[in-house]
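Asks: Dropping in input_20.txt, with compact mmCIF, C-alpha atoms.
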# COMPACT_ATOMS: atom_id res chain seq x y z
CA MET A 140 -8.06 51.59 20.25
CA ASP A 141 -4.74 50.29 21.62
CA SER A 142 -4.52 53.19 24.02
CA GLU A 143 -7.77 52.23 25.75
CA LEU A 144 -7.30 51.74 29.47
CA VAL A 145 -8.99 49.24 31.70
CA THR A 146 -10.89 52.16 33.21
CA ASP A 147 -12.35 52.88 29.76
CA SER A 148 -13.60 49.35 29.30
CA LEU A 149 -17.26 48.48 28.92
CA SER A 150 -17.81 47.26 32.45
CA ALA A 151 -16.24 50.39 33.90
CA ARG A 152 -18.25 52.60 31.59
CA SER A 153 -21.51 50.98 32.61
CA ASP A 154 -21.65 53.51 35.46
CA GLU A 155 -22.17 56.23 32.88
CA ARG A 156 -25.07 54.43 31.28
CA GLY A 157 -27.27 54.88 34.28
CA GLY A 158 -30.41 52.80 34.72
CA GLY A 159 -30.52 49.57 36.60
CA ASP A 160 -27.47 47.79 35.20
CA LYS A 161 -24.87 49.54 37.28
CA GLY A 162 -21.71 47.48 37.38
CA ARG A 163 -23.10 44.82 35.10
CA GLN A 164 -20.77 43.12 32.66
CA PRO A 165 -21.66 42.81 29.00
CA LEU A 166 -23.53 39.62 28.36
CA LEU A 167 -21.50 36.90 26.71
CA ARG A 168 -23.65 34.26 25.12
CA TYR A 169 -21.80 31.01 24.58
CA ARG A 170 -24.45 30.03 22.05
CA LYS A 171 -23.42 32.93 19.80
CA THR A 172 -19.77 31.80 19.82
CA PHE A 173 -20.86 28.21 19.15
CA GLU A 174 -23.00 29.33 16.21
CA ASP A 175 -20.30 31.66 14.85
CA GLN A 176 -17.70 28.88 14.88
CA PHE A 177 -20.05 26.16 13.61
CA PRO A 178 -19.49 26.72 9.83
CA PHE A 179 -15.71 26.52 10.25
CA TYR A 180 -15.94 23.14 11.99
CA LEU A 181 -18.36 21.89 9.33
CA SER A 182 -15.83 22.93 6.71
CA ILE A 183 -13.09 20.83 8.32
CA GLY A 184 -15.22 17.71 8.42
CA MET A 185 -17.06 17.69 11.75
CA THR A 186 -20.67 16.59 11.56
CA PRO A 187 -23.36 18.70 13.27
CA GLU A 188 -23.90 15.83 15.74
CA MET A 189 -20.23 15.75 16.66
CA TYR A 190 -20.10 19.51 17.09
CA TRP A 191 -23.25 19.97 19.14
CA ASP A 192 -23.76 16.66 20.94
CA GLY A 193 -20.41 14.93 20.84
CA ASP A 194 -17.28 15.11 22.95
CA CYS A 195 -16.45 18.82 23.00
CA THR A 196 -12.68 18.18 22.90
CA LEU A 197 -13.08 16.74 19.38
CA ALA A 198 -13.02 20.30 18.03
CA LYS A 199 -9.42 20.67 19.20
CA TYR A 200 -8.35 17.49 17.38
CA TYR A 201 -10.22 18.40 14.23
CA ARG A 202 -8.38 21.73 14.23
CA LYS A 203 -5.03 19.97 14.57
CA ALA A 204 -5.98 17.45 11.87
CA ASP A 205 -6.97 20.32 9.60
CA GLN A 206 -3.58 21.94 10.16
CA LEU A 207 -1.83 18.66 9.29
CA MET A 208 -3.93 18.24 6.16
CA ARG A 209 -3.14 21.79 5.08
CA ASN A 210 0.58 21.18 5.60
CA ARG A 211 0.38 17.96 3.61
CA ARG A 212 -1.48 19.70 0.79
CA ASN A 213 1.15 22.42 0.78
CA GLU A 214 3.91 19.82 0.50
CA GLU A 215 2.05 18.09 -2.33
CA LEU A 216 1.72 21.34 -4.22
CA TRP A 217 5.40 22.06 -3.66
CA LEU A 218 6.30 18.62 -5.00
CA GLN A 219 4.05 19.12 -8.02
CA GLY A 220 5.80 22.43 -8.70
CA PHE A 221 9.14 20.64 -8.44
CA TYR A 222 8.08 18.02 -11.02
CA ILE A 223 6.90 20.76 -13.39
CA TYR A 224 10.14 22.67 -12.91
CA GLU A 225 12.20 19.52 -13.53
CA ALA A 226 10.16 18.68 -16.65
CA LEU A 227 10.73 22.20 -17.98
CA VAL A 228 14.46 21.93 -17.35
CA ASP A 229 14.54 18.50 -19.03
CA SER A 230 12.69 19.78 -22.08
CA SER A 231 14.57 23.06 -22.26
CA PRO A 232 16.94 21.85 -25.03
CA VAL A 233 13.89 21.61 -27.30
CA ILE A 234 12.38 24.90 -26.15
CA ASN A 235 15.61 26.88 -26.25
CA ALA A 236 16.32 27.89 -29.82
CA PHE A 237 19.99 28.59 -29.06
CA SER A 238 20.62 25.20 -27.52
CA LYS A 239 23.20 23.03 -29.26
CA VAL A 240 21.35 19.88 -28.22
CA HIS A 241 17.86 19.55 -29.65
CA LYS A 242 16.82 16.40 -27.86
CA PRO A 243 14.96 16.63 -24.53
CA LEU A 244 16.34 14.80 -21.54
CA PRO A 245 14.08 11.88 -20.57
CA TYR A 246 11.50 12.53 -17.87
CA ARG A 247 12.37 10.76 -14.61
CA SER A 248 11.34 7.11 -14.75
CA GLU A 249 10.17 6.96 -11.13
CA PRO A 250 8.64 9.42 -8.72
CA ILE A 251 10.85 11.22 -6.21
CA PRO A 252 11.11 9.02 -3.10
CA LEU A 253 9.46 10.64 -0.12
CA THR A 254 10.80 8.36 2.60
CA GLU A 255 14.19 6.81 3.31
CA ALA A 256 12.74 3.34 2.80
CA GLU A 257 11.39 4.37 -0.60
CA ALA A 258 14.76 5.86 -1.55
CA LYS A 259 16.54 2.67 -0.51
CA LYS A 260 14.07 0.53 -2.44
CA GLN A 261 14.51 2.66 -5.56
CA GLU A 262 18.31 2.46 -5.23
CA GLU A 263 18.16 -1.33 -4.88
CA GLU A 264 15.85 -1.57 -7.88
CA ALA A 265 18.17 0.59 -9.98
CA GLU A 266 21.14 -1.54 -8.89
CA ARG A 267 19.27 -4.73 -9.79
CA ARG A 268 18.38 -3.30 -13.21
CA ARG A 269 22.02 -2.32 -13.82
CA MET A 270 23.14 -5.84 -12.91
CA GLU A 271 20.51 -7.39 -15.22
CA GLU A 272 21.73 -5.17 -18.06
CA ASP A 273 25.37 -6.07 -17.38
CA LYS A 274 24.43 -9.77 -17.24
CA ALA A 275 22.57 -9.52 -20.55
CA LYS A 276 25.54 -7.72 -22.13
CA PHE A 277 27.92 -10.35 -20.82
CA ILE A 278 25.79 -13.23 -22.11
CA GLU A 279 25.53 -11.51 -25.48
CA MET A 280 29.31 -11.07 -25.52
CA VAL A 281 29.88 -14.75 -24.63
CA ASN A 282 27.44 -15.89 -27.32
CA GLU A 283 29.14 -13.67 -29.85
CA PHE A 284 32.52 -15.07 -28.82
CA ASN A 285 31.21 -18.67 -29.02
CA LYS A 286 29.79 -18.04 -32.48
CA LYS A 287 33.12 -16.60 -33.65
CA PHE A 288 34.93 -19.51 -32.04
CA GLU A 289 32.63 -22.06 -33.70
CA ARG A 290 33.07 -20.35 -37.05
CA LYS A 291 36.85 -20.39 -36.69
CA GLU A 292 36.81 -24.03 -35.60
CA GLY A 293 34.72 -24.89 -38.66
CA GLU A 294 37.16 -23.12 -40.94
CA VAL A 295 40.07 -25.06 -39.40
CA ASN A 296 38.24 -28.37 -39.75
CA GLY A 297 37.37 -27.51 -43.33
CA ASP A 298 33.58 -27.69 -42.88
CA MET B 218 -11.95 13.16 26.05
CA ALA B 219 -14.30 15.70 27.55
CA LYS B 220 -14.35 16.28 31.29
CA GLN B 221 -16.96 14.13 33.00
CA ILE B 222 -18.16 13.39 36.51
CA LYS B 223 -19.23 9.80 37.08
CA PHE B 224 -21.05 8.34 40.05
CA THR B 225 -23.56 5.66 40.98
CA TYR B 226 -26.78 6.51 42.74
CA LYS B 227 -29.29 3.86 43.72
CA ASP B 228 -27.58 1.30 41.47
CA LYS B 229 -27.78 3.59 38.47
CA GLU B 230 -24.62 4.90 36.85
CA TYR B 231 -24.56 8.57 36.00
CA THR B 232 -22.22 10.52 33.74
CA LEU B 233 -22.32 14.27 33.98
CA GLU B 234 -21.02 16.22 31.00
CA PHE B 235 -21.69 19.39 29.07
CA THR B 236 -21.92 19.53 25.30
CA ARG B 237 -22.28 22.65 23.17
CA LYS B 238 -25.96 21.86 22.73
CA THR B 239 -26.69 21.47 26.44
CA VAL B 240 -24.79 24.68 27.26
CA ALA B 241 -26.79 26.54 24.59
CA GLN B 242 -30.01 24.97 25.92
CA MET B 243 -29.20 26.10 29.44
CA GLU B 244 -28.62 29.63 28.19
CA ASP B 245 -31.95 29.53 26.37
CA GLU B 246 -33.56 28.50 29.64
CA GLY B 247 -32.07 31.58 31.27
CA PHE B 248 -28.94 30.21 32.91
CA ARG B 249 -26.00 32.62 33.03
CA VAL B 250 -22.58 31.83 34.47
CA ARG B 251 -22.38 35.16 36.26
CA THR B 252 -25.54 34.35 38.23
CA ILE B 253 -23.47 31.84 40.22
CA ASP B 254 -22.06 34.81 42.14
CA GLU B 255 -25.34 36.69 42.37
CA THR B 256 -27.72 33.87 43.21
CA PRO B 257 -25.66 30.80 44.06
CA MET B 258 -28.51 29.01 45.82
CA THR B 259 -30.45 28.63 42.57
CA ALA B 260 -27.64 28.82 40.03
CA ILE B 261 -25.52 25.97 41.39
CA PRO B 262 -28.35 23.40 41.44
CA ALA B 263 -29.30 24.60 37.94
CA LEU B 264 -25.73 24.05 36.78
CA PHE B 265 -25.75 20.60 38.38
CA ALA B 266 -29.07 19.73 36.74
CA GLY B 267 -27.78 20.99 33.39
CA ALA B 268 -24.91 18.52 33.53
CA PHE B 269 -27.48 15.70 33.34
CA LYS B 270 -28.84 16.89 29.98
CA ALA B 271 -26.08 15.30 27.88
CA HIS B 272 -26.54 11.69 29.04
CA HIS B 273 -29.67 11.61 31.23
CA ARG B 274 -31.99 14.14 29.71
CA PHE B 275 -35.13 12.34 30.86
CA GLU B 276 -34.10 12.13 34.50
CA LYS B 277 -36.72 13.57 36.85
CA LYS B 278 -35.90 16.85 38.52
CA ALA B 279 -36.85 15.41 41.89
CA VAL B 280 -34.20 12.69 41.53
CA ILE B 281 -31.56 15.24 40.50
CA ASP B 282 -32.44 17.42 43.49
CA GLU B 283 -32.20 14.35 45.73
CA ILE B 284 -28.77 13.50 44.34
CA TYR B 285 -27.63 17.11 44.72
CA ALA B 286 -28.82 17.22 48.32
CA GLY B 287 -26.83 14.12 49.13
CA ILE B 288 -23.59 15.21 47.49
CA PRO B 289 -20.76 16.11 49.85
CA ASN B 290 -18.03 18.67 49.06
CA LYS B 291 -20.32 21.01 47.16
CA GLU B 292 -17.61 23.66 46.85
CA ASP B 293 -15.31 21.29 44.98
CA LEU B 294 -18.23 20.14 42.91
CA LEU B 295 -18.97 23.73 41.87
CA GLY B 296 -15.37 24.20 40.71
CA LYS B 297 -15.50 21.03 38.66
CA LEU B 298 -18.91 21.84 37.19
CA ALA B 299 -17.72 25.34 36.22
CA GLU B 300 -14.69 23.82 34.48
CA MET B 301 -16.90 21.35 32.68
CA TYR B 302 -19.35 24.08 31.67
CA ASN B 303 -16.57 26.19 30.17
CA GLU B 304 -14.92 23.32 28.33
CA PRO B 305 -17.16 23.41 25.21
CA ILE B 306 -16.17 27.03 24.59
CA MET B 307 -12.55 26.70 25.70
CA THR B 308 -11.94 23.91 23.20
CA LEU B 309 -12.93 26.27 20.38
CA MET B 310 -10.10 28.61 21.24
CA ASP B 311 -6.61 28.21 19.90
CA GLU B 312 -3.89 27.46 22.40
CA PRO B 313 -1.23 30.17 22.26
CA ASP B 314 1.96 29.31 20.43
CA SER B 315 4.35 27.81 22.98
CA GLU B 316 7.34 29.50 21.34
CA THR B 317 6.01 33.03 21.71
CA GLY B 318 6.52 34.80 25.01
CA ASN B 319 3.45 33.73 26.92
CA VAL B 320 2.42 35.37 30.15
CA GLU B 321 3.12 33.20 33.16
CA TRP B 322 0.67 33.38 36.02
CA THR B 323 0.12 31.89 39.43
CA ALA B 324 -2.87 31.67 41.75
CA ASN B 325 -2.69 32.19 45.50
CA TRP B 326 -5.03 29.40 46.53
Using structure tokens, write down the structure that the file contains.
Replies:
Amino acid sequence: MDSELVTDSLSARSDERGGGDKGRQPLLRYRKTFEDQFPFYLSIGMTPEMYWDGDCTLAKYYRKADQLMRNRRNEELWLQGFYIYEALVDSSPVINAFSKVHKPLPYRSEPIPLTEAEAKKQEEEAERRRMEEDKAKFIEMVNEFNKKFERKEGEVNGD
Amino acid sequence: MAKQIKFTYKDKEYTLEFTRKTVAQMEDEGFRVRTIDETPMTAIPALFAGAFKAHHRFEKKAVIDEIYAGIPNKEDLLGKLAEMYNEPIMTLMDEPDSETGNVEWTANW
């Protein structure tokens, strides 16, 4: 097939066919191509009206959009696989009979940030939570100290 | 945006365009691109008339013929109409990957 020469092509061979179509090229019907491609464009979301009556360049953009959607889907599936993998690793101490630790690691509290802004927001949130915890610990410590101090003061005063 | 030819004739605005349906209709009516070479005198007006189907399908043939007769630069018009006629099929074909070694070509006109 690959070794076919231009001289072997259909139009050149038409001489051999004889009859009245000497030198005629094979008939290419655009309609056939349109009909052959139609189901594909329906499958990627074009309506029949758009395909047949609408702006013909839309097909190009639908194809590109389909490619983008497929890429996005692929990334989503990859991310899902990553979550599953991470969950398996986190729970491996329970699954692994030879593990010294028999408590699973906690599953991540927040989803993996997908954008820099999301990552920054999550970092800020974590920082804020840490500070709240430290503040609560400090207040608790101060209260404890005050209680001890009050108790001691009471003992000194003989109450 | 699909290729279009716009003009005003007798205060009426016209937009010439081909859609997949109008190209298929023209084929059903017997129009073939290769007939432009064989019988240009009938094929070119037929191609011109076909370009009305998308937006002015009820326009009378006599009016279209009148417009065609009055159009200057018919050679340029033919080139543009042929491009427009091919667009519905060309847009179904994938553009080659720009990173692969594409064949470069030039025309001598």
Asks: Which residues are close to Ile253 (chain B), i.e. within 10 Å by only C-alpha atoms, leaving aside same-chain residues fewer than 4 positions away? Reply as a list of chain:residue names.
Replies: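 Contacts, in chain order: B:Phe248, B:Arg249, B:Pro257, B:Met258, B:Thr259, B:Ala260, B:Ile261, B:Pro262, B:Ala263, B:Leu264, B:Leu295, B:Ala299.
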Asks: Do you have, as a Markdown table, the list of residues of region 200-279 of chain A lying at most 8 Å from region 164-188 of chain A, each with its nearest atom pair and that distance in Å to one decimal, counting all atoms listed in the file and ordered by chain then number?
Replies:
| residue | atom | partner | partner_atom | distance |
| --- | --- | --- | --- | --- |
| A:Tyr201 | CA | A:Ile183 | CA | 7.0 |
| A:Arg202 | CA | A:Ile183 | CA | 7.6 |
| A:Asp205 | CA | A:Ile183 | CA | 6.3 |
Asks: Would you work out the distance separating CA of Thr196 (chain A) from CA of Glu304 (chain B), expressed in Å to one decimal?
Replies: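 So the two atoms, CA of Thr196 (chain A) and CA of Glu304 (chain B), lie 7.8 Å apart.
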Asks: For a quick test of understanding: name the residues of chain A lying within 6 Å of chain B when counting only C-alpha atoms, and present them as a ChimeraX atom specification.
Replies: /A:170,191-192,194-196,199
Asks: Limited to C-alpha atoms, could you put the picked residues into a file as a PDB file, in the coordinates of the input?
Replies:
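Final output, selection-v5.pdb:
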ATOM      1  CA  ARG A 170     -24.450  30.030  22.050  1.00  0.00           C
ATOM      2  CA  TRP A 191     -23.250  19.970  19.140  1.00  0.00           C
ATOM      3  CA  ASP A 192     -23.760  16.660  20.940  1.00  0.00           C
ATOM      4  CA  ASP A 194     -17.280  15.110  22.950  1.00  0.00           C
ATOM      5  CA  CYS A 195     -16.450  18.820  23.000  1.00  0.00           C
ATOM      6  CA  THR A 196     -12.680  18.180  22.900  1.00  0.00           C
ATOM      7  CA  LYS A 199      -9.420  20.670  19.200  1.00  0.00           C
TER       8      LYS A 199
END
Asks: In Å, how far is it from CA of Tyr246 (chain A) to CA of Lys259 (chain A)?
Replies: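 Calculated distance between CA of Tyr246 (chain A) and CA of Lys259 (chain A) is 20.6 Å.
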Asks: Report the distance between CA of Ala204 (chain A) and CA of Thr254 (chain A) in Å, rounded to one decimal place.
Replies: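 Here the two named atoms are 21.2 Å from each other.
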Asks: Tell me which protein, DNA and RNA residues are within 10 Å of Gln261 (chain A), counting only C-alpha atoms, leaving out same-chain ones fewer than 3 positions away, and put them as a list in words.
Replies: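 Non-adjacent residues within range: Glu249, Pro250, Ile251, Pro252, Glu255, Ala256, Glu257, Ala258, Glu264, Ala265, Glu266 and Arg267 of chain A.
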Asks: Do you know which residues are at most 10 Å from Asp282 (chain B) counting all atoms listed in the file, after dropping those on the same chain fewer than 3 positions away, and could you put them as a count of residues only?
Replies: 11
Asks: Out of B:Glu246, B:Asp254, B:Tyr302, B:Lys270, which residue has the shortest atom-to-atom distance to Tyr231 (chain B) when counting all atoms listed in the file?
Replies: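 Checking each candidate against Tyr231 (chain B), we get B:Lys270 as the closest.
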Asks: Can you put N, CA and C atoms back into region 280-312 of chain B and show it as a compact mmCIF listing (two decimals), in the coordinates of the input?
Replies:
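Below is the file that was written, rebuild00.txt:
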# COMPACT_ATOMS: atom_id res chain seq x y z
N VAL B 280 -35.33 13.60 41.32
CA VAL B 280 -34.20 12.69 41.53
C VAL B 280 -32.90 13.48 41.53
N ILE B 281 -32.79 14.42 40.58
CA ILE B 281 -31.56 15.24 40.50
C ILE B 281 -31.39 16.07 41.78
N ASP B 282 -32.50 16.63 42.25
CA ASP B 282 -32.44 17.42 43.49
C ASP B 282 -32.01 16.53 44.67
N GLU B 283 -32.53 15.31 44.67
CA GLU B 283 -32.20 14.35 45.73
C GLU B 283 -30.70 14.03 45.70
N ILE B 284 -30.20 13.80 44.49
CA ILE B 284 -28.77 13.50 44.34
C ILE B 284 -27.95 14.69 44.81
N TYR B 285 -28.38 15.89 44.37
CA TYR B 285 -27.63 17.11 44.72
C TYR B 285 -27.60 17.30 46.24
N ALA B 286 -28.74 17.05 46.87
CA ALA B 286 -28.82 17.22 48.32
C ALA B 286 -27.86 16.27 49.04
N GLY B 287 -27.67 15.12 48.46
CA GLY B 287 -26.83 14.12 49.13
C GLY B 287 -25.36 14.20 48.77
N ILE B 288 -25.00 15.13 47.93
CA ILE B 288 -23.59 15.21 47.49
C ILE B 288 -22.74 15.99 48.50
N PRO B 289 -21.65 15.38 48.95
CA PRO B 289 -20.76 16.11 49.85
C PRO B 289 -19.80 17.00 49.05
N ASN B 290 -19.05 17.84 49.73
CA ASN B 290 -18.03 18.67 49.06
C ASN B 290 -18.59 19.52 47.94
N LYS B 291 -19.64 20.25 48.23
CA LYS B 291 -20.32 21.01 47.16
C LYS B 291 -19.42 22.09 46.55
N GLU B 292 -18.50 22.61 47.37
CA GLU B 292 -17.61 23.66 46.85
C GLU B 292 -16.71 23.12 45.74
N ASP B 293 -16.15 21.92 46.00
CA ASP B 293 -15.31 21.29 44.98
C ASP B 293 -16.13 20.95 43.74
N LEU B 294 -17.34 20.50 44.01
CA LEU B 294 -18.23 20.14 42.91
C LEU B 294 -18.49 21.36 42.01
N LEU B 295 -18.71 22.51 42.64
CA LEU B 295 -18.97 23.73 41.87
C LEU B 295 -17.78 24.04 40.95
N GLY B 296 -16.59 23.93 41.51
CA GLY B 296 -15.37 24.20 40.71
C GLY B 296 -15.30 23.28 39.50
N LYS B 297 -15.57 22.01 39.75
CA LYS B 297 -15.50 21.03 38.66
C LYS B 297 -16.59 21.29 37.62
N LEU B 298 -17.80 21.58 38.12
CA LEU B 298 -18.91 21.84 37.19
C LEU B 298 -18.62 23.07 36.33
N ALA B 299 -18.04 24.11 36.97
CA ALA B 299 -17.72 25.34 36.22
C ALA B 299 -16.69 25.04 35.13
N GLU B 300 -15.70 24.22 35.48
CA GLU B 300 -14.69 23.82 34.48
C GLU B 300 -15.33 23.07 33.32
N MET B 301 -16.22 22.15 33.71
CA MET B 301 -16.90 21.35 32.68
C MET B 301 -17.77 22.23 31.80
N TYR B 302 -18.44 23.20 32.41
CA TYR B 302 -19.35 24.08 31.67
C TYR B 302 -18.57 24.94 30.66
N ASN B 303 -17.37 25.34 31.06
CA ASN B 303 -16.57 26.19 30.17
C ASN B 303 -15.84 25.40 29.08
N GLU B 304 -15.72 24.12 29.28
CA GLU B 304 -14.92 23.32 28.33
C GLU B 304 -15.42 23.41 26.88
N PRO B 305 -16.73 23.32 26.62
CA PRO B 305 -17.16 23.41 25.21
C PRO B 305 -16.73 24.69 24.51
N ILE B 306 -16.61 25.78 25.25
CA ILE B 306 -16.17 27.03 24.59
C ILE B 306 -14.64 27.12 24.58
N MET B 307 -14.02 26.63 25.63
CA MET B 307 -12.55 26.70 25.70
C MET B 307 -11.90 25.88 24.57
N THR B 308 -12.53 24.77 24.24
CA THR B 308 -11.94 23.91 23.20
C THR B 308 -12.07 24.52 21.80
N LEU B 309 -12.82 25.60 21.69
CA LEU B 309 -12.93 26.27 20.38
C LEU B 309 -11.84 27.32 20.22
N MET B 310 -11.12 27.57 21.30
CA MET B 310 -10.10 28.61 21.24
C MET B 310 -8.74 28.00 21.01
N ASP B 311 -7.96 28.68 20.19
CA ASP B 311 -6.61 28.21 19.90
C ASP B 311 -5.72 28.36 21.11
N GLU B 312 -4.89 27.33 21.34
CA GLU B 312 -3.89 27.46 22.40
C GLU B 312 -2.81 28.40 21.88
